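What follows is the content of entry.pdb (PDB, C-alpha atoms).
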ATOM      1  CA  MET A 463       0.000   0.000   0.000  1.00  0.00           C
ATOM      2  CA  ASP A 464       2.908   2.334   0.637  1.00  0.00           C
ATOM      3  CA  SER A 465       4.172   1.889  -2.915  1.00  0.00           C
ATOM      4  CA  ARG A 466       0.708   2.763  -4.242  1.00  0.00           C
ATOM      5  CA  ARG A 467       0.779   6.082  -2.382  1.00  0.00           C
ATOM      6  CA  LYS A 468       4.216   6.893  -3.773  1.00  0.00           C
ATOM      7  CA  ARG A 469       3.010   6.091  -7.275  1.00  0.00           C
ATOM      8  CA  GLN A 470      -0.092   8.283  -6.801  1.00  0.00           C
ATOM      9  CA  ARG A 471       2.073  11.104  -5.505  1.00  0.00           C
ATOM     10  CA  ARG A 472       4.378  10.863  -8.540  1.00  0.00           C
ATOM     11  CA  THR A 473       1.408  10.769 -10.897  1.00  0.00           C
ATOM     12  CA  SER A 474      -0.264  13.743  -9.257  1.00  0.00           C
ATOM     13  CA  LYS A 475       2.939  15.774  -9.528  1.00  0.00           C
ATOM     14  CA  ARG A 476       3.016  15.138 -13.273  1.00  0.00           C
ATOM     15  CA  CYS A 477      -0.615  16.166 -13.668  1.00  0.00           C
ATOM     16  CA  VAL A 478      -0.065  19.648 -12.315  1.00  0.00           C
ATOM     17  CA  SER A 479      -0.889  21.967 -15.166  1.00  0.00           C
ATOM     18  CA  GLU A 480      -0.427  25.642 -15.565  1.00  0.00           C
ATOM     19  CA  GLU A 481      -3.513  27.675 -16.398  1.00  0.00           C
ATOM     20  CA  VAL A 482      -3.291  29.886 -19.424  1.00  0.00           C
ATOM     21  CA  SER A 483      -5.051  33.192 -19.295  1.00  0.00           C
ATOM     22  CA  SER A 484      -6.929  34.095 -22.450  1.00  0.00           C
ATOM     23  CA  VAL A 485      -6.118  37.754 -21.762  1.00  0.00           C
ATOM     24  CA  ALA A 486      -2.483  37.053 -22.676  1.00  0.00           C
ATOM     25  CA  TRP A 487      -3.436  35.782 -26.147  1.00  0.00           C
ATOM     26  CA  GLU A 488      -2.133  37.657 -29.125  1.00  0.00           C
ATOM     27  CA  PHE A 489      -4.595  38.713 -31.778  1.00  0.00           C
ATOM     28  CA  ILE A 490      -4.463  36.441 -34.786  1.00  0.00           C
ATOM     29  CA  ASP A 491      -4.382  38.142 -38.141  1.00  0.00           C
ATOM     30  CA  MET A 492      -6.336  36.398 -40.855  1.00  0.00           C
ATOM     31  CA  THR A 493      -6.702  37.390 -44.458  1.00  0.00           C
ATOM     32  CA  GLU A 494     -10.134  38.428 -45.683  1.00  0.00           C
ATOM     33  CA  GLN A 495     -10.421  35.145 -47.554  1.00  0.00           C
ATOM     34  CA  GLU A 496      -9.581  33.142 -44.424  1.00  0.00           C
ATOM     35  CA  GLU A 497     -12.095  35.097 -42.335  1.00  0.00           C
ATOM     36  CA  ASP A 498     -14.797  34.623 -44.953  1.00  0.00           C
ATOM     37  CA  LEU A 499     -14.122  30.886 -45.132  1.00  0.00           C
ATOM     38  CA  ILE A 500     -14.162  30.578 -41.319  1.00  0.00           C
ATOM     39  CA  TYR A 501     -17.534  32.368 -41.106  1.00  0.00           C
ATOM     40  CA  ARG A 502     -19.068  30.261 -43.856  1.00  0.00           C
ATOM     41  CA  MET A 503     -17.691  26.992 -42.478  1.00  0.00           C
ATOM     42  CA  TYR A 504     -18.851  27.889 -38.965  1.00  0.00           C
ATOM     43  CA  ARG A 505     -22.402  28.341 -40.256  1.00  0.00           C
ATOM     44  CA  LEU A 506     -22.216  24.925 -41.893  1.00  0.00           C
ATOM     45  CA  VAL A 507     -20.436  22.781 -39.294  1.00  0.00           C
ATOM     46  CA  GLY A 508     -20.497  24.830 -36.081  1.00  0.00           C
ATOM     47  CA  ASP A 509     -17.504  24.818 -33.787  1.00  0.00           C
ATOM     48  CA  ARG A 510     -15.754  21.850 -35.382  1.00  0.00           C
ATOM     49  CA  TRP A 511     -12.452  23.683 -35.558  1.00  0.00           C
ATOM     50  CA  ASP A 512     -10.543  20.693 -36.916  1.00  0.00           C
ATOM     51  CA  LEU A 513     -12.780  20.580 -40.000  1.00  0.00           C
ATOM     52  CA  ILE A 514     -12.505  24.319 -40.535  1.00  0.00           C
ATOM     53  CA  ALA A 515      -8.710  24.306 -40.102  1.00  0.00           C
ATOM     54  CA  GLY A 516      -8.461  21.478 -42.607  1.00  0.00           C
ATOM     55  CA  ARG A 517      -9.751  23.861 -45.272  1.00  0.00           C
ATOM     56  CA  ILE A 518      -7.232  26.595 -44.487  1.00  0.00           C
ATOM     57  CA  PRO A 519      -3.629  25.650 -45.277  1.00  0.00           C
ATOM     58  CA  GLY A 520      -1.171  26.372 -42.488  1.00  0.00           C
ATOM     59  CA  ARG A 521      -3.766  26.981 -39.773  1.00  0.00           C
ATOM     60  CA  LYS A 522      -4.277  24.802 -36.690  1.00  0.00           C
ATOM     61  CA  PRO A 523      -7.675  24.117 -35.076  1.00  0.00           C
ATOM     62  CA  GLU A 524      -6.545  25.894 -31.885  1.00  0.00           C
ATOM     63  CA  GLU A 525      -5.614  28.953 -33.915  1.00  0.00           C
ATOM     64  CA  ILE A 526      -9.005  29.051 -35.641  1.00  0.00           C
ATOM     65  CA  GLU A 527     -10.846  28.611 -32.345  1.00  0.00           C
ATOM     66  CA  ARG A 528      -8.804  31.353 -30.673  1.00  0.00           C
ATOM     67  CA  PHE A 529      -9.492  33.676 -33.614  1.00  0.00           C
ATOM     68  CA  TRP A 530     -13.223  32.952 -33.336  1.00  0.00           C
ATOM     69  CA  ILE A 531     -13.299  33.482 -29.568  1.00  0.00           C
ATOM     70  CA  MET A 532     -11.339  36.713 -29.788  1.00  0.00           C
ATOM     71  CA  ARG A 533     -13.494  38.009 -32.614  1.00  0.00           C
ATOM     72  CA  HIS A 534     -16.836  37.082 -31.021  1.00  0.00           C
ATOM     73  CA  GLY A 535     -16.081  36.876 -27.283  1.00  0.00           C
ATOM     74  CA  GLU A 536     -17.489  39.549 -25.005  1.00  0.00           C
ATOM     75  CA  GLY A 537     -14.312  39.701 -22.942  1.00  0.00           C
ATOM     76  CA  PHE A 538     -12.295  40.810 -25.953  1.00  0.00           C
ATOM     77  CA  ALA A 539     -14.740  43.428 -27.215  1.00  0.00           C
ATOM     78  CA  ALA A 540     -12.936  46.366 -25.563  1.00  0.00           C
ATOM     79  CA  LYS A 541      -9.547  45.309 -26.897  1.00  0.00           C
ATOM     80  CA  ARG A 542     -10.981  44.647 -30.325  1.00  0.00           C
ATOM     81  CA  HIS A 543     -12.597  48.075 -30.555  1.00  0.00           C
ATOM     82  CA  GLY A 544      -9.497  49.765 -29.179  1.00  0.00           C
ATOM     83  CA  ARG A 545      -7.310  48.085 -31.763  1.00  0.00           C
ATOM     84  CA  TYR A 546      -9.448  48.611 -34.828  1.00  0.00           C
ATOM     85  CA  SER A 547     -10.906  52.047 -34.056  1.00  0.00           C
TER      86      SER A 547
END

How would this structure read if it were set down as structure tokens?
Amino acid sequence: MDSRRKRQRRTSKRCVSEEVSSVAWEFIDMTEQEEDLIYRMYRLVGDRWDLIAGRIPGRKPEEIERFWIMRHGEGFAAKRHGRYS
């Protein structure tokens, strides 16, 4: 039983993860064509970022999702208006 506790302790130390704040995200620049494709694909398939990213060469699903969140998220509205106004 003692060895089980040691193993659990080692496993729990490895599982410690660092939280990432979305406020620290950089804005992702997309071309007009990429933005248009993301909007159209989102209407068709919803938030299936892997499918959408598969249609845009060089873009990862996480990148597409972050772009979408930053463009449509309420928390980023002030930054978005400050940057583009």

Centre and edge lengths of an axis-aligned box around all listed atoms of region 514-528 of chain A, with 8 Å added on each side, are to be given in Å to one decimal, as AutoDock Vina command-line options.
--center_x -6.8 --center_y 26.4 --center_z -38.0 --size_x 27.3 --size_y 25.9 --size_z 30.6

Exercise. Write out as a list in words each polymer residue whose atoms come within 9 Å of region 493-507 of chain A, counting all atoms listed in the file; drop sequence neighbours fewer than 6 positions from it.
Key: Leu513, Ile514, Ala515, Arg517, Ile518, Ile526 and Trp530 of chain A

Write out, as a CSV table (one decimal), in the coordinates of the input, the residues just selected, with C-alpha atoms.
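To be explicit, this is the file written out as part05.csv:
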chain,number,residue,atom,x,y,z
A,513,LEU,CA,-12.8,20.6,-40.0
A,514,ILE,CA,-12.5,24.3,-40.5
A,515,ALA,CA,-8.7,24.3,-40.1
A,517,ARG,CA,-9.8,23.9,-45.3
A,518,ILE,CA,-7.2,26.6,-44.5
A,526,ILE,CA,-9.0,29.1,-35.6
A,530,TRP,CA,-13.2,33.0,-33.3

Quiz item: Between CA of Ile490 (chain A) and CA of Glu536 (chain A), what is the spacing in Å?
Solution: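 So the answer is 16.6 Å.
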
Practice problem: Compare A:Lys522, A:Arg510, A:Arg528, A:His534 by their minimum atom-to-atom distance to Phe489 (chain A), counting all atoms listed in the file, and give me the closest one. | Solution: A:Arg528

Quiz item: How far is it from CA of Asp491 (chain A) to CA of Gly508 (chain A), in Å with one decimal?
Solution: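 Atom-to-atom, CA of Asp491 (chain A) and CA of Gly508 (chain A) are spaced 21.0 Å apart.
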